[in-house]
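J.: Structure below; questions to follow.
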Amino acid sequence: MLQQVTPIQTPLLSGFDAATTAAEVMAGIDLTGRTAIVTGGYSGLGQEAVRVMAQAGARVIVPARDEARARERLAAIPNVEVWAMDLGDKRTIDRFAERFLAERRALDILMLSAGIMALPELQRDERGLELQFAVNHIGHFALTGRLWPALSAAGNARVVALSSRGHRFSPVRFDDLAFARCAYDRWAAYGQSKTANALFALELDRRGREAGVRAFSVHPGGIVTNLAQHLSAEELQTFGALDAAGQPVIDPYRGKKSVAQGAATQVWCAVHPRLDGLGGLYCEDVDVAGLADAELSATDVGGGGRGVAEHAVDPVAATRLWIVSEALIGVKFPVVAAR
């Protein structure tokens with residue numbers, strides 16, 4: 001029987017804090033000769049992570065549904081390539097992975113930064129899955145599985161999945177993933193997908209550690225980016241994300257961050273030696289998060305309420321989600337579980 005071990009969600013006293021930027025995390029780190037793939041890498045947090053990793057010498061590949069737009073946004077950054085891919089279309093995921101694997105190169109960093117949030121109406125993909133779950137989790141699950149040979153070839157690869165404090169809106173609804181029986185709620189759907197991101201990182205780390213693949217999930221903070229495109233200015237003001245003049249609020253110690261501050265935790269999880277030998281952890285404010293001690297309201301998705309809910313670090317739920325995800329994509333993930 002596979003051993004189930006709950007990760008120790010205890011801060012490491014990393015030396016960084018909520019106001020730390022991605023560039024500050026990267027200071028003194030040389031990524032020359034390393035390769036990274038960053039989904040969502042041509043906007044917001046993903047773009048900032050691409051920028052600092054590429055400037056540190058990494059070759060960074062950015063999958064993009066809109067290649068022209070991605071190339072325009074990334075043109076000023078060295079060492080960056082844009083390749084076609086759509087997380088909502090498994091055929092393009094397969095083509096992307098086949099192209100990368102054909103190079104026979106190791107993949108050192110896989111950053112799963114793309115996502116959608118709070119779709120106002122229920123949408124489904126071609127398989128009938130609720131779209132936030134399909135894109136935020138299943139697309140990334142399929143991509144990681146297809147890239148597994150390159151990740152394991154690195155010997156010390158890291159996978160970073162962007163979760164959110166919004167995971168506390170909902171556990172994974174195993175009895176109704178697609179909202180077929182219950183009324184659709186955009187925050188419950190988003191919360192389920194973000195819980196799935198955390199559980200995926202937990203289980204991937206358990207299964208991949210013997211091959212040198214470690215995984216982390218991240219809450220970046222409350223940042224006004226294109227992720228919030230389905231929210232009105234009034235809603236963002238209610239959340240405290242915009243001030244009375246409609247400008248983003250920057251108050252990192254209360255969870256409201258700039259893009260540079262928001263990208264810091266995912267970059268830390270991807271490259272920092274402080275995390276060598278660790279994995280399966282949910283991180284925030286450039287450190288390992290503690291367990292949450294309070295419920296999160298729908299008006300506080302990006303602000304207070306620190307910590308990770310127990311349902312997002314539940315190893316039994318993580319294994320169950322893995323099995324369900326393999327069934328949904330019709331492919332067995334080629335990793336050997338630690339015992």
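Order determines the names: the first chain of the structure tokens is A, the second B, and so forth; residues in each chain are numbered 1 upward, and ligands are numbered 1 upward as they are shown.
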Identify all residues of stretch 65-286 of chain A in alpha helix (DSSP H) (DSSP on the backbone) and supply them as number ranges by chain.
T.: A: 67-74, 90-102, 131-133, 140-146, 148-154, 186-208, 233-238, 259-262, 264-271
J.: Go ahead and save the picked residues with C-alpha atoms, as a compact mmCIF listing (two decimals), in the first residue's frame.
T.:
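Dumped everything to result21.txt:
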# COMPACT_ATOMS: atom_id res chain seq x y z
CA GLU A 67 1.49 33.35 -30.51
CA ALA A 68 1.62 36.81 -32.10
CA ARG A 69 0.50 38.50 -28.91
CA ALA A 70 2.95 36.47 -26.84
CA ARG A 71 5.89 37.32 -29.10
CA GLU A 72 5.02 41.00 -28.98
CA ARG A 73 4.89 41.03 -25.18
CA LEU A 74 8.09 39.03 -24.75
CA LYS A 90 -5.25 18.19 -25.48
CA ARG A 91 -4.16 17.80 -29.12
CA THR A 92 -2.09 20.99 -28.91
CA ILE A 93 -0.66 19.87 -25.55
CA ASP A 94 0.47 16.63 -27.18
CA ARG A 95 2.06 18.48 -30.11
CA PHE A 96 3.86 20.88 -27.78
CA ALA A 97 5.24 18.05 -25.67
CA GLU A 98 6.27 16.00 -28.69
CA ARG A 99 8.19 18.99 -30.06
CA PHE A 100 10.02 19.48 -26.78
CA LEU A 101 10.77 15.79 -26.23
CA ALA A 102 12.16 15.55 -29.76
CA LEU A 131 -13.93 24.97 -17.79
CA GLN A 132 -11.99 26.32 -14.79
CA PHE A 133 -11.25 22.79 -13.61
CA HIS A 140 -1.69 21.25 -16.61
CA PHE A 141 -1.96 17.65 -15.44
CA ALA A 142 -1.86 16.44 -19.05
CA LEU A 143 1.06 18.71 -19.94
CA THR A 144 3.11 17.59 -16.95
CA GLY A 145 2.45 13.95 -17.75
CA ARG A 146 3.55 14.33 -21.34
CA TRP A 148 7.60 13.63 -17.61
CA PRO A 149 10.54 12.05 -19.51
CA ALA A 150 12.23 15.46 -19.73
CA LEU A 151 11.50 16.32 -16.10
CA SER A 152 12.89 13.05 -14.80
CA ALA A 153 15.94 13.41 -17.05
CA ALA A 154 16.93 16.62 -15.23
CA ARG A 186 -18.25 30.72 -9.99
CA TRP A 187 -16.26 30.94 -6.75
CA ALA A 188 -16.89 27.31 -5.81
CA ALA A 189 -15.73 26.31 -9.30
CA TYR A 190 -12.63 28.47 -9.06
CA GLY A 191 -11.93 27.22 -5.54
CA GLN A 192 -12.21 23.61 -6.65
CA SER A 193 -9.68 24.19 -9.45
CA LYS A 194 -7.22 25.89 -7.10
CA THR A 195 -7.56 23.11 -4.53
CA ALA A 196 -6.85 20.71 -7.39
CA ASN A 197 -3.63 22.62 -8.21
CA ALA A 198 -2.42 22.20 -4.62
CA LEU A 199 -3.39 18.53 -4.44
CA PHE A 200 -1.71 17.84 -7.78
CA ALA A 201 1.57 19.33 -6.55
CA LEU A 202 1.32 17.28 -3.36
CA GLU A 203 0.78 13.99 -5.17
CA LEU A 204 3.25 14.73 -7.98
CA ASP A 205 5.93 15.38 -5.39
CA ARG A 206 5.19 12.11 -3.63
CA ARG A 207 5.29 10.13 -6.85
CA GLY A 208 8.17 11.99 -8.46
CA ALA A 233 -14.35 47.41 -11.19
CA GLU A 234 -17.04 47.56 -8.51
CA GLU A 235 -16.34 43.96 -7.49
CA LEU A 236 -12.60 44.60 -7.38
CA GLN A 237 -13.20 47.64 -5.17
CA THR A 238 -15.38 45.52 -2.89
CA VAL A 259 3.15 41.92 -10.10
CA ALA A 260 6.84 41.90 -9.12
CA GLN A 261 5.91 40.98 -5.53
CA GLY A 262 3.27 38.49 -6.63
CA ALA A 264 8.27 36.22 -6.04
CA THR A 265 6.89 33.07 -4.40
CA GLN A 266 6.60 31.04 -7.59
CA VAL A 267 10.13 32.03 -8.58
CA TRP A 268 11.39 31.11 -5.09
CA CYS A 269 9.78 27.69 -5.37
CA ALA A 270 11.26 27.18 -8.83
CA VAL A 271 14.89 28.12 -8.22
J.: Find the residues near A:Leu110: any atom within 9 Å, counting only C-alpha atoms, skip ones fewer than 5 places away on the same chain, and give them as a PyMOL selection string.
T.: chain A and resi 35-39+144+151+157-161+270
J.: What does the structure give for the distance between atom CA of A:Gln47 and atom CA of A:Asp108, in Å to one decimal?
T.: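 A separation of 18.0 Å between them.
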J.: Out of A:Val25, A:Leu45, A:Val249, A:Ala114, which residue has the shortest atom-to-atom distance to A:Ala64 when counting only C-alpha atoms?
T.: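 When distances to A:Ala64 are compared using only C-alpha atoms, the smallest one comes from A:Ala114.
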J.: With only C-alpha atoms as the basis for distance, which of A:Met53, A:Val313, A:Ile329, A:Val288 is at the shortest distance from A:Leu12?
T.: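 Residue with the minimum atom-to-atom distance to A:Leu12: A:Val288.
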J.: As an exercise, work out the distance from atom CA of A:Gly155 to atom CA of A:Gly212 in Å and give it to one decimal place.
T.: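 Separating atom CA of A:Gly155 from atom CA of A:Gly212 is a distance of 4.8 Å.
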J.: When you count only C-alpha atoms, which of these residues is closest to A:Gly330: A:Leu112, A:Ile138, A:Ala289, A:Val218?
T.: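 Of all the options, A:Ile138 lies closest to A:Gly330.
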J.: Compare A:Ile77, A:Ala56, A:Ile29, A:Val135 by their minimum atom-to-atom distance to A:Asp89, counting only C-alpha atoms, and give me the closest one.
T.: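 Comparing A:Ile77, A:Ala56, A:Ile29, A:Val135 against A:Asp89, the winner is A:Val135.
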J.: Rank nothing, just name the residue among A:Pro248, A:Pro315, A:Pro78, A:Gly28 nearest to A:Val50, using only C-alpha atoms.
T.: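 For A:Val50, the nearest of the candidates is A:Pro78.
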J.: What does the distance from atom CA of A:Pro11 to atom CA of A:Gly277 come to in Å, to one decimal?
T.: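 Value for the atom CA of A:Pro11-atom CA of A:Gly277 distance: 15.3 Å.
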